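Novice: Here it is: the structure, laid out below.
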Amino acid sequence: MLKVIARDGVSFKRFCGDDGDEEYQIVIVPPGHLAFEAQLRHMQAAYEDVQKSLGLDAGSAVFRRLFLSDALNQTALVKDSDLAADRCGNPVATSIVQQPPLPGGKIALLAYHINSKAPMTKTRLAARHVLVTRNGRRHFWSAGLGSLPSNPEPDAAEQTNAIFATLADALHGLGGSLAANCVRTWIYLRNADVFYQGMVTARRELFERAGLTAETHYIASTGIEGGSPNRHEVVSMDALSLLDLEPGQVSYLNDFDMLCATKDYGVTFERGTRIAFADRAHLYISGTASIDRRGRVLHPGDVCRQLDRAIANVDALLRSGGASRDDMQHLIVYLRDASDYPRISGMLRESFPDVPAVVVHGPVCRPEWLVEIEGIAAVSENNRSLPAF
């Protein structure tokens, strides 16, 4: 594993399994004092430079998420850039979400690349989906799923149902389903304090219809405040689905001495999901906050102690999947109050010194929670009975 922080705000981490396929997580945070267009140009140049230095061609890019401070005004410029537009027949699943980067920037980038020894093809399916095929396996990335409302009043439940129906229909067309193949979702709410409960209720009901229950399993997820580029959407979503999964590849993460099951307080997501391949495993850590094994908020009003507990909870989830925080490939940190950034930035660097991280302003689902963290870890696996990555 390798990680470098450059002077221009670029950080990355590399994972390489025994089969030789390299995965890169790249984070770029431009200087915050620049105007937006200057930050965008800086980011594009830095992104080109880091790809060149790592020997990554354009076709290695699989997924990008762009965090914006003002999506309604900035998205048009972003969509016209090489960061968001498909160039030269090279589709990349690209998410654009309004979550202002901290400590005061206007744009930040998280990018995922695969430097593949095996042939890899990417196909755009409709506007929001990219199908990545390698080693005979299909990885289905969905970015910026949304729904235009049918009535003038914002309705989180209606939009949630429509978004998941779009994903379910796309999976059905590929021979899959939500229950069998969707492994990770990121759900964004324009105002989490107002719309979160409507989303939760609708998701619980539609999951039950889809066969996702407390007796089966749920999907690793983050539900967080974030704005869509469309002002009429109060709910939007990114998702990762893996077609062609085989028995033994998927397991679920928890440590009941530290965290309760989410069903205990009426929500329906997995704390974490582990996907194993022949030479590696990916651990998708859901949004994790300062919660105890009874589902209570710990340390209300104290962002530093809440971050400590959230990190301890992440450590426990990773341990349950045979990993540690050193295996984290990237980290996203959501702060309810942007002014808390100076209080927690040093703690993050100390706790995750070799992990590319994006910190954004994003209120968590309960007002008492001041900070939430999520990420992806990768560990070596040696199980040739499982399919290749």
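Lettering and numbering for the structure tokens are positional, with chains as A, B, ... in the shown order, residues counted from 1 in each chain, and ligands counted from 1 in the shown order.
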Could you list, as a PDB file with N, CA, C and O atoms, in the first residue's frame, every residue within 8 Å of region 58-74 of chain A, counting only C-alpha atoms and ignoring same-chain residues fewer than 6 positions away?
Specialist:
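This is the output file result-v7.pdb:
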```pdb
ATOM      1  N   PHE A  36     -14.107  30.005  -7.622  1.00  0.00           N
ATOM      2  CA  PHE A  36     -14.526  28.664  -8.020  1.00  0.00           C
ATOM      3  C   PHE A  36     -13.871  28.214  -9.321  1.00  0.00           C
ATOM      4  O   PHE A  36     -13.360  27.091  -9.410  1.00  0.00           O
ATOM      5  N   LEU A  83     -13.834  16.569 -15.720  1.00  0.00           N
ATOM      6  CA  LEU A  83     -14.111  15.837 -14.495  1.00  0.00           C
ATOM      7  C   LEU A  83     -15.451  15.120 -14.534  1.00  0.00           C
ATOM      8  O   LEU A  83     -15.645  14.115 -13.851  1.00  0.00           O
ATOM      9  N   ASN A  90     -15.247   7.280 -23.006  1.00  0.00           N
ATOM     10  CA  ASN A  90     -14.775   6.770 -21.711  1.00  0.00           C
ATOM     11  C   ASN A  90     -15.772   7.132 -20.618  1.00  0.00           C
ATOM     12  O   ASN A  90     -15.625   8.152 -19.942  1.00  0.00           O
ATOM     13  N   PRO A  91     -16.813   6.319 -20.418  1.00  0.00           N
ATOM     14  CA  PRO A  91     -17.802   6.657 -19.388  1.00  0.00           C
ATOM     15  C   PRO A  91     -17.265   6.462 -17.979  1.00  0.00           C
ATOM     16  O   PRO A  91     -16.562   5.485 -17.695  1.00  0.00           O
ATOM     17  N   VAL A  92     -17.589   7.410 -17.104  1.00  0.00           N
ATOM     18  CA  VAL A  92     -17.229   7.340 -15.692  1.00  0.00           C
ATOM     19  C   VAL A  92     -18.477   7.716 -14.889  1.00  0.00           C
ATOM     20  O   VAL A  92     -19.109   8.743 -15.170  1.00  0.00           O
ATOM     21  N   ALA A  93     -18.838   6.917 -13.916  1.00  0.00           N
ATOM     22  CA  ALA A  93     -19.958   7.258 -13.038  1.00  0.00           C
ATOM     23  C   ALA A  93     -19.551   8.463 -12.203  1.00  0.00           C
ATOM     24  O   ALA A  93     -18.584   8.396 -11.439  1.00  0.00           O
ATOM     25  N   THR A  94     -20.278   9.568 -12.359  1.00  0.00           N
ATOM     26  CA  THR A  94     -19.880  10.824 -11.718  1.00  0.00           C
ATOM     27  C   THR A  94     -21.025  11.377 -10.890  1.00  0.00           C
ATOM     28  O   THR A  94     -22.099  11.678 -11.414  1.00  0.00           O
ATOM     29  N   SER A  95     -20.779  11.505  -9.605  1.00  0.00           N
ATOM     30  CA  SER A  95     -21.741  12.044  -8.653  1.00  0.00           C
ATOM     31  C   SER A  95     -21.404  13.498  -8.355  1.00  0.00           C
ATOM     32  O   SER A  95     -20.236  13.837  -8.149  1.00  0.00           O
ATOM     33  N   ILE A  96     -22.426  14.341  -8.338  1.00  0.00           N
ATOM     34  CA  ILE A  96     -22.260  15.746  -7.949  1.00  0.00           C
ATOM     35  C   ILE A  96     -23.205  16.012  -6.789  1.00  0.00           C
ATOM     36  O   ILE A  96     -24.417  15.821  -6.908  1.00  0.00           O
ATOM     37  N   VAL A  97     -22.650  16.423  -5.662  1.00  0.00           N
ATOM     38  CA  VAL A  97     -23.463  16.625  -4.465  1.00  0.00           C
ATOM     39  C   VAL A  97     -23.055  17.923  -3.784  1.00  0.00           C
ATOM     40  O   VAL A  97     -21.873  18.265  -3.722  1.00  0.00           O
ATOM     41  N   GLN A  98     -24.046  18.666  -3.322  1.00  0.00           N
ATOM     42  CA  GLN A  98     -23.753  19.888  -2.568  1.00  0.00           C
ATOM     43  C   GLN A  98     -23.491  19.515  -1.117  1.00  0.00           C
ATOM     44  O   GLN A  98     -24.398  19.236  -0.342  1.00  0.00           O
ATOM     45  N   GLN A  99     -22.201  19.495  -0.780  1.00  0.00           N
ATOM     46  CA  GLN A  99     -21.717  19.318   0.586  1.00  0.00           C
ATOM     47  C   GLN A  99     -20.436  20.137   0.655  1.00  0.00           C
ATOM     48  O   GLN A  99     -19.370  19.664   0.220  1.00  0.00           O
ATOM     49  N   PRO A 100     -20.497  21.371   1.134  1.00  0.00           N
ATOM     50  CA  PRO A 100     -19.334  22.256   1.058  1.00  0.00           C
ATOM     51  C   PRO A 100     -18.091  21.639   1.692  1.00  0.00           C
ATOM     52  O   PRO A 100     -18.116  21.219   2.851  1.00  0.00           O
ATOM     53  N   PRO A 101     -16.988  21.561   0.921  1.00  0.00           N
ATOM     54  CA  PRO A 101     -15.746  21.023   1.488  1.00  0.00           C
ATOM     55  C   PRO A 101     -15.202  21.952   2.566  1.00  0.00           C
ATOM     56  O   PRO A 101     -15.311  23.175   2.462  1.00  0.00           O
ATOM     57  N   GLY A 105     -13.400  25.395   1.234  1.00  0.00           N
ATOM     58  CA  GLY A 105     -13.276  25.325  -0.208  1.00  0.00           C
ATOM     59  C   GLY A 105     -14.621  25.317  -0.907  1.00  0.00           C
ATOM     60  O   GLY A 105     -15.680  25.249  -0.280  1.00  0.00           O
ATOM     61  N   LYS A 106     -14.567  25.348  -2.238  1.00  0.00           N
ATOM     62  CA  LYS A 106     -15.767  25.335  -3.054  1.00  0.00           C
ATOM     63  C   LYS A 106     -15.956  24.017  -3.792  1.00  0.00           C
ATOM     64  O   LYS A 106     -17.056  23.736  -4.278  1.00  0.00           O
ATOM     65  N   ILE A 107     -14.893  23.200  -3.894  1.00  0.00           N
ATOM     66  CA  ILE A 107     -14.993  21.943  -4.620  1.00  0.00           C
ATOM     67  C   ILE A 107     -13.929  20.983  -4.089  1.00  0.00           C
ATOM     68  O   ILE A 107     -12.835  21.403  -3.707  1.00  0.00           O
ATOM     69  N   ALA A 108     -14.277  19.706  -4.040  1.00  0.00           N
ATOM     70  CA  ALA A 108     -13.322  18.651  -3.709  1.00  0.00           C
ATOM     71  C   ALA A 108     -13.682  17.433  -4.542  1.00  0.00           C
ATOM     72  O   ALA A 108     -14.822  17.289  -5.001  1.00  0.00           O
ATOM     73  N   LEU A 109     -12.696  16.553  -4.746  1.00  0.00           N
ATOM     74  CA  LEU A 109     -12.877  15.391  -5.600  1.00  0.00           C
ATOM     75  C   LEU A 109     -12.453  14.120  -4.877  1.00  0.00           C
ATOM     76  O   LEU A 109     -11.395  14.078  -4.241  1.00  0.00           O
ATOM     77  N   LEU A 110     -13.282  13.088  -4.999  1.00  0.00           N
ATOM     78  CA  LEU A 110     -12.911  11.731  -4.639  1.00  0.00           C
ATOM     79  C   LEU A 110     -13.023  10.897  -5.908  1.00  0.00           C
ATOM     80  O   LEU A 110     -14.087  10.873  -6.541  1.00  0.00           O
ATOM     81  N   ALA A 111     -11.945  10.228  -6.306  1.00  0.00           N
ATOM     82  CA  ALA A 111     -11.951   9.451  -7.543  1.00  0.00           C
ATOM     83  C   ALA A 111     -11.447   8.046  -7.275  1.00  0.00           C
ATOM     84  O   ALA A 111     -10.517   7.848  -6.484  1.00  0.00           O
ATOM     85  N   TYR A 112     -12.052   7.078  -7.960  1.00  0.00           N
ATOM     86  CA  TYR A 112     -11.688   5.666  -7.832  1.00  0.00           C
ATOM     87  C   TYR A 112     -11.248   5.144  -9.190  1.00  0.00           C
ATOM     88  O   TYR A 112     -11.977   5.279 -10.186  1.00  0.00           O
ATOM     89  N   HIS A 113     -10.048   4.570  -9.234  1.00  0.00           N
ATOM     90  CA  HIS A 113      -9.477   4.028 -10.472  1.00  0.00           C
ATOM     91  C   HIS A 113      -9.089   2.578 -10.268  1.00  0.00           C
ATOM     92  O   HIS A 113      -8.667   2.178  -9.175  1.00  0.00           O
ATOM     93  N   ILE A 114      -9.195   1.802 -11.337  1.00  0.00           N
ATOM     94  CA  ILE A 114      -8.703   0.421 -11.355  1.00  0.00           C
ATOM     95  C   ILE A 114      -7.687   0.309 -12.488  1.00  0.00           C
ATOM     96  O   ILE A 114      -8.030   0.536 -13.658  1.00  0.00           O
ATOM     97  N   ASN A 115      -6.459  -0.010 -12.135  1.00  0.00           N
ATOM     98  CA  ASN A 115      -5.425  -0.293 -13.125  1.00  0.00           C
ATOM     99  C   ASN A 115      -5.419  -1.804 -13.318  1.00  0.00           C
ATOM    100  O   ASN A 115      -4.819  -2.546 -12.543  1.00  0.00           O
ATOM    101  N   SER A 116      -6.127  -2.257 -14.331  1.00  0.00           N
ATOM    102  CA  SER A 116      -6.497  -3.660 -14.453  1.00  0.00           C
ATOM    103  C   SER A 116      -5.548  -4.424 -15.361  1.00  0.00           C
ATOM    104  O   SER A 116      -5.247  -3.998 -16.471  1.00  0.00           O
ATOM    105  N   VAL A 132     -19.325  -1.714 -15.384  1.00  0.00           N
ATOM    106  CA  VAL A 132     -17.908  -2.047 -15.521  1.00  0.00           C
ATOM    107  C   VAL A 132     -17.794  -3.572 -15.523  1.00  0.00           C
ATOM    108  O   VAL A 132     -18.260  -4.232 -14.588  1.00  0.00           O
ATOM    109  N   TRP A 141     -22.290   0.810 -11.307  1.00  0.00           N
ATOM    110  CA  TRP A 141     -22.223   2.055 -10.551  1.00  0.00           C
ATOM    111  C   TRP A 141     -23.351   2.987 -10.988  1.00  0.00           C
ATOM    112  O   TRP A 141     -23.541   3.223 -12.183  1.00  0.00           O
ATOM    113  N   GLY A 227     -27.187  18.294  -1.139  1.00  0.00           N
ATOM    114  CA  GLY A 227     -28.078  18.837  -2.146  1.00  0.00           C
ATOM    115  C   GLY A 227     -27.812  18.267  -3.528  1.00  0.00           C
ATOM    116  O   GLY A 227     -26.666  18.029  -3.914  1.00  0.00           O
ATOM    117  N   SER A 228     -28.881  18.041  -4.267  1.00  0.00           N
ATOM    118  CA  SER A 228     -28.792  17.633  -5.664  1.00  0.00           C
ATOM    119  C   SER A 228     -28.620  18.880  -6.540  1.00  0.00           C
ATOM    120  O   SER A 228     -29.046  19.982  -6.167  1.00  0.00           O
ATOM    121  N   PRO A 229     -28.018  18.735  -7.726  1.00  0.00           N
ATOM    122  CA  PRO A 229     -27.977  19.870  -8.657  1.00  0.00           C
ATOM    123  C   PRO A 229     -29.355  20.302  -9.136  1.00  0.00           C
ATOM    124  O   PRO A 229     -29.498  21.397  -9.688  1.00  0.00           O
ATOM    125  N   ASN A 230     -30.367  19.455  -8.934  1.00  0.00           N
ATOM    126  CA  ASN A 230     -31.737  19.812  -9.297  1.00  0.00           C
ATOM    127  C   ASN A 230     -32.455  20.337  -8.057  1.00  0.00           C
ATOM    128  O   ASN A 230     -32.635  19.601  -7.081  1.00  0.00           O
ATOM    129  N   ARG A 231     -32.887  21.567  -8.092  1.00  0.00           N
ATOM    130  CA  ARG A 231     -33.466  22.188  -6.891  1.00  0.00           C
ATOM    131  C   ARG A 231     -34.759  21.531  -6.431  1.00  0.00           C
ATOM    132  O   ARG A 231     -35.189  21.704  -5.289  1.00  0.00           O
ATOM    133  N   VAL A 360     -16.513  17.414   4.908  1.00  0.00           N
ATOM    134  CA  VAL A 360     -17.528  18.286   4.323  1.00  0.00           C
ATOM    135  C   VAL A 360     -18.537  18.711   5.382  1.00  0.00           C
ATOM    136  O   VAL A 360     -18.655  18.089   6.439  1.00  0.00           O
TER     137      VAL A 360
END
```
Novice: Can you list, as a VMD selection string, every protein, DNA or RNA residue that comes within 6 Å of region 186-196 of chain A when you count only C-alpha atoms, leaving out same-chain residues fewer than 2 positions away?
Specialist: chain A and resid 156 198 to 199 221 to 227 234 to 238 365
Novice: Find the residues near Ile285 (chain A): any atom within 7 Å, counting only C-alpha atoms, skip ones fewer than 5 places away on the same chain, and give them as an mmCIF file with N, CA, C and O atoms, in the first residue's frame.
Specialist:
```cif
data_model
loop_
_atom_site.group_PDB
_atom_site.id
_atom_site.type_symbol
_atom_site.label_atom_id
_atom_site.label_comp_id
_atom_site.auth_asym_id
_atom_site.auth_seq_id
_atom_site.Cartn_x
_atom_site.Cartn_y
_atom_site.Cartn_z
ATOM 1 N N ARG A 271 -24.468 -1.963 9.088
ATOM 2 C CA ARG A 271 -23.352 -1.149 9.592
ATOM 3 C C ARG A 271 -22.154 -1.201 8.637
ATOM 4 O O ARG A 271 -21.398 -0.233 8.512
ATOM 5 N N GLY A 272 -22.013 -2.347 7.991
ATOM 6 C CA GLY A 272 -20.931 -2.507 7.032
ATOM 7 C C GLY A 272 -21.125 -3.806 6.273
ATOM 8 O O GLY A 272 -21.766 -4.742 6.759
ATOM 9 N N THR A 273 -20.579 -3.854 5.079
ATOM 10 C CA THR A 273 -20.676 -5.046 4.240
ATOM 11 C C THR A 273 -19.290 -5.399 3.723
ATOM 12 O O THR A 273 -18.541 -4.527 3.275
ATOM 13 N N GLU A 374 -17.406 7.661 7.339
ATOM 14 C CA GLU A 374 -17.620 6.477 6.522
ATOM 15 C C GLU A 374 -16.381 6.245 5.686
ATOM 16 O O GLU A 374 -15.487 7.093 5.619
ATOM 17 N N GLY A 375 -16.323 5.088 5.027
ATOM 18 C CA GLY A 375 -15.185 4.844 4.160
ATOM 19 C C GLY A 375 -15.190 3.446 3.591
ATOM 20 O O GLY A 375 -16.131 2.661 3.779
ATOM 21 N N ILE A 376 -14.117 3.140 2.881
ATOM 22 C CA ILE A 376 -13.915 1.834 2.267
ATOM 23 C C ILE A 376 -12.543 1.319 2.673
ATOM 24 O O ILE A 376 -11.556 2.061 2.626
#
```
Novice: Smallest atom-to-atom distance to Ala170 (chain A): which of A:Arg305, A:His129, A:Arg14, A:His139, using only C-alpha atoms?
Specialist: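 Among the listed residues, A:His129 lies closest to Ala170 (chain A).
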Novice: With only C-alpha atoms as the counted atoms, please give the residues lying no more than 12 Å from Ser351 (chain A), apart from itself and same-chain residues fewer than 4 positions off, as a list in words.
Specialist: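 Counting only the stated atoms, we get Leu307, Asp308, Ala310, Ile311, Ala312, Val314, Asp315, Ser324, Arg325, Asp326, Met328, Leu331, Ile344, Ser345, Gly346, Met347, Val355, Pro356 and Ala357 of chain A.
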Novice: Going by DSSP on the backbone, which bits of region 96-153 of chain A are strand (DSSP E)? Write them as a PDB file with C-alpha atoms, in the first residue's frame, please.
Specialist:
```pdb
ATOM      1  CA  ILE A  96     -22.260  15.746  -7.949  1.00  0.00           C
ATOM      2  CA  VAL A  97     -23.463  16.625  -4.465  1.00  0.00           C
ATOM      3  CA  GLN A  98     -23.753  19.888  -2.568  1.00  0.00           C
ATOM      4  CA  ILE A 107     -14.993  21.943  -4.620  1.00  0.00           C
ATOM      5  CA  ALA A 108     -13.322  18.651  -3.709  1.00  0.00           C
ATOM      6  CA  LEU A 109     -12.877  15.391  -5.600  1.00  0.00           C
ATOM      7  CA  LEU A 110     -12.911  11.731  -4.639  1.00  0.00           C
ATOM      8  CA  ALA A 111     -11.951   9.451  -7.543  1.00  0.00           C
ATOM      9  CA  TYR A 112     -11.688   5.666  -7.832  1.00  0.00           C
ATOM     10  CA  HIS A 113      -9.477   4.028 -10.472  1.00  0.00           C
ATOM     11  CA  ILE A 114      -8.703   0.421 -11.355  1.00  0.00           C
ATOM     12  CA  ASN A 115      -5.425  -0.293 -13.125  1.00  0.00           C
ATOM     13  CA  MET A 120     -11.953  -3.974 -18.515  1.00  0.00           C
ATOM     14  CA  THR A 121     -14.903  -2.525 -20.398  1.00  0.00           C
ATOM     15  CA  LYS A 122     -17.158   0.328 -19.308  1.00  0.00           C
ATOM     16  CA  THR A 123     -20.595   0.950 -20.759  1.00  0.00           C
ATOM     17  CA  ARG A 124     -22.976   3.788 -19.964  1.00  0.00           C
ATOM     18  CA  LEU A 125     -26.514   2.551 -19.446  1.00  0.00           C
ATOM     19  CA  HIS A 129     -25.431   4.174 -14.694  1.00  0.00           C
ATOM     20  CA  VAL A 130     -22.061   2.777 -15.756  1.00  0.00           C
ATOM     21  CA  LEU A 131     -21.510  -0.960 -16.105  1.00  0.00           C
ATOM     22  CA  VAL A 132     -17.908  -2.047 -15.521  1.00  0.00           C
ATOM     23  CA  THR A 133     -17.063  -5.569 -16.696  1.00  0.00           C
ATOM     24  CA  ARG A 134     -13.834  -7.386 -15.859  1.00  0.00           C
ATOM     25  CA  ARG A 137     -17.948  -9.963 -13.443  1.00  0.00           C
ATOM     26  CA  ARG A 138     -20.164  -6.888 -13.658  1.00  0.00           C
ATOM     27  CA  HIS A 139     -19.831  -3.925 -11.300  1.00  0.00           C
ATOM     28  CA  PHE A 140     -22.763  -1.532 -11.679  1.00  0.00           C
ATOM     29  CA  TRP A 141     -22.223   2.055 -10.551  1.00  0.00           C
ATOM     30  CA  SER A 142     -25.151   4.483 -10.279  1.00  0.00           C
ATOM     31  CA  ALA A 143     -24.521   8.183  -9.677  1.00  0.00           C
ATOM     32  CA  GLY A 144     -26.917  11.050  -9.087  1.00  0.00           C
ATOM     33  CA  LEU A 145     -30.153   9.078  -9.138  1.00  0.00           C
TER      34      LEU A 145
END
```
Novice: Write out as a PyMOL selection string the residues lying within 9 Å of region 213-216 of chain A, counting only C-alpha atoms and excluding same-chain residues fewer than 6 positions away.
Specialist: chain A and resi 179+204+207+263+268
Novice: Give me, as a PyMOL selection string, all polymer residues having an atom no more than 10 Å from Leu370 (chain A), counting only C-alpha atoms and skipping those fewer than 6 positions away in the same chain.
Specialist: chain A and resi 289-290+299-304+306-307+334-338+340+362-364
Novice: Where in region 127-357 of chain A does DSSP assign helix (DSSP H, G or I), given as a ChimeraX atom specification?
Specialist: /A:156-173,178-181,192-210,262-265,303-320,325-327,338-351
Novice: Could you give me, as a PyMOL selection string, the residues within 12 Å of Ser11 (chain A), counting only C-alpha atoms and dropping anything in the same chain fewer than 5 positions from it?
Specialist: chain A and resi 2-6+24-30+46-47+50-51+54+108-111+329-331+353-358
Novice: How would the residues just chosen look if you wrote them out with C-alpha atoms as a PDB file, in the first residue's frame?
Specialist:
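As a result, result.pdb now contains:
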```pdb
ATOM      1  CA  LEU A   2       1.194   3.488  -0.830  1.00  0.00           C
ATOM      2  CA  LYS A   3      -0.058   6.925  -0.006  1.00  0.00           C
ATOM      3  CA  VAL A   4       1.360  10.328  -0.922  1.00  0.00           C
ATOM      4  CA  ILE A   5       0.281  13.831  -0.005  1.00  0.00           C
ATOM      5  CA  ALA A   6       1.453  16.431  -2.484  1.00  0.00           C
ATOM      6  CA  TYR A  24      -6.429   3.811  -6.387  1.00  0.00           C
ATOM      7  CA  GLN A  25      -8.459   6.184  -4.236  1.00  0.00           C
ATOM      8  CA  ILE A  26      -7.567   9.787  -5.063  1.00  0.00           C
ATOM      9  CA  VAL A  27      -8.635  12.886  -3.135  1.00  0.00           C
ATOM     10  CA  ILE A  28      -8.025  16.442  -4.344  1.00  0.00           C
ATOM     11  CA  VAL A  29      -8.865  19.536  -2.294  1.00  0.00           C
ATOM     12  CA  PRO A  30      -7.803  22.785  -4.040  1.00  0.00           C
ATOM     13  CA  ALA A  46      -3.749  18.306 -10.320  1.00  0.00           C
ATOM     14  CA  TYR A  47      -5.899  15.335 -11.329  1.00  0.00           C
ATOM     15  CA  VAL A  50      -1.481  12.562 -10.399  1.00  0.00           C
ATOM     16  CA  GLN A  51      -2.903  10.188 -13.000  1.00  0.00           C
ATOM     17  CA  LEU A  54       0.727   6.923 -11.232  1.00  0.00           C
ATOM     18  CA  ALA A 108     -13.322  18.651  -3.709  1.00  0.00           C
ATOM     19  CA  LEU A 109     -12.877  15.391  -5.600  1.00  0.00           C
ATOM     20  CA  LEU A 110     -12.911  11.731  -4.639  1.00  0.00           C
ATOM     21  CA  ALA A 111     -11.951   9.451  -7.543  1.00  0.00           C
ATOM     22  CA  GLN A 329      -8.577   3.394   1.453  1.00  0.00           C
ATOM     23  CA  HIS A 330     -10.511   6.622   1.851  1.00  0.00           C
ATOM     24  CA  LEU A 331     -12.535   8.428   4.486  1.00  0.00           C
ATOM     25  CA  PRO A 353      -2.397   9.557   8.924  1.00  0.00           C
ATOM     26  CA  ASP A 354      -2.237   7.524   5.700  1.00  0.00           C
ATOM     27  CA  VAL A 355      -5.834   7.706   4.526  1.00  0.00           C
ATOM     28  CA  PRO A 356      -7.026  10.202   1.898  1.00  0.00           C
ATOM     29  CA  ALA A 357      -9.908  12.087   3.492  1.00  0.00           C
ATOM     30  CA  VAL A 358     -12.584  14.566   2.498  1.00  0.00           C
TER      31      VAL A 358
END
```
Novice: Could you work out how far CA of Leu318 (chain A) lies from CA of Thr185 (chain A), giving the answer in Å with one decimal?
Specialist: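 Value for the CA of Thr185 (chain A)-CA of Leu318 (chain A) distance: 18.6 Å.
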Novice: Please indicate the distance in Å from CA of Asp257 (chain A) to CA of Gly322 (chain A), rounded to one decimal place.
Specialist: 16.7 Å
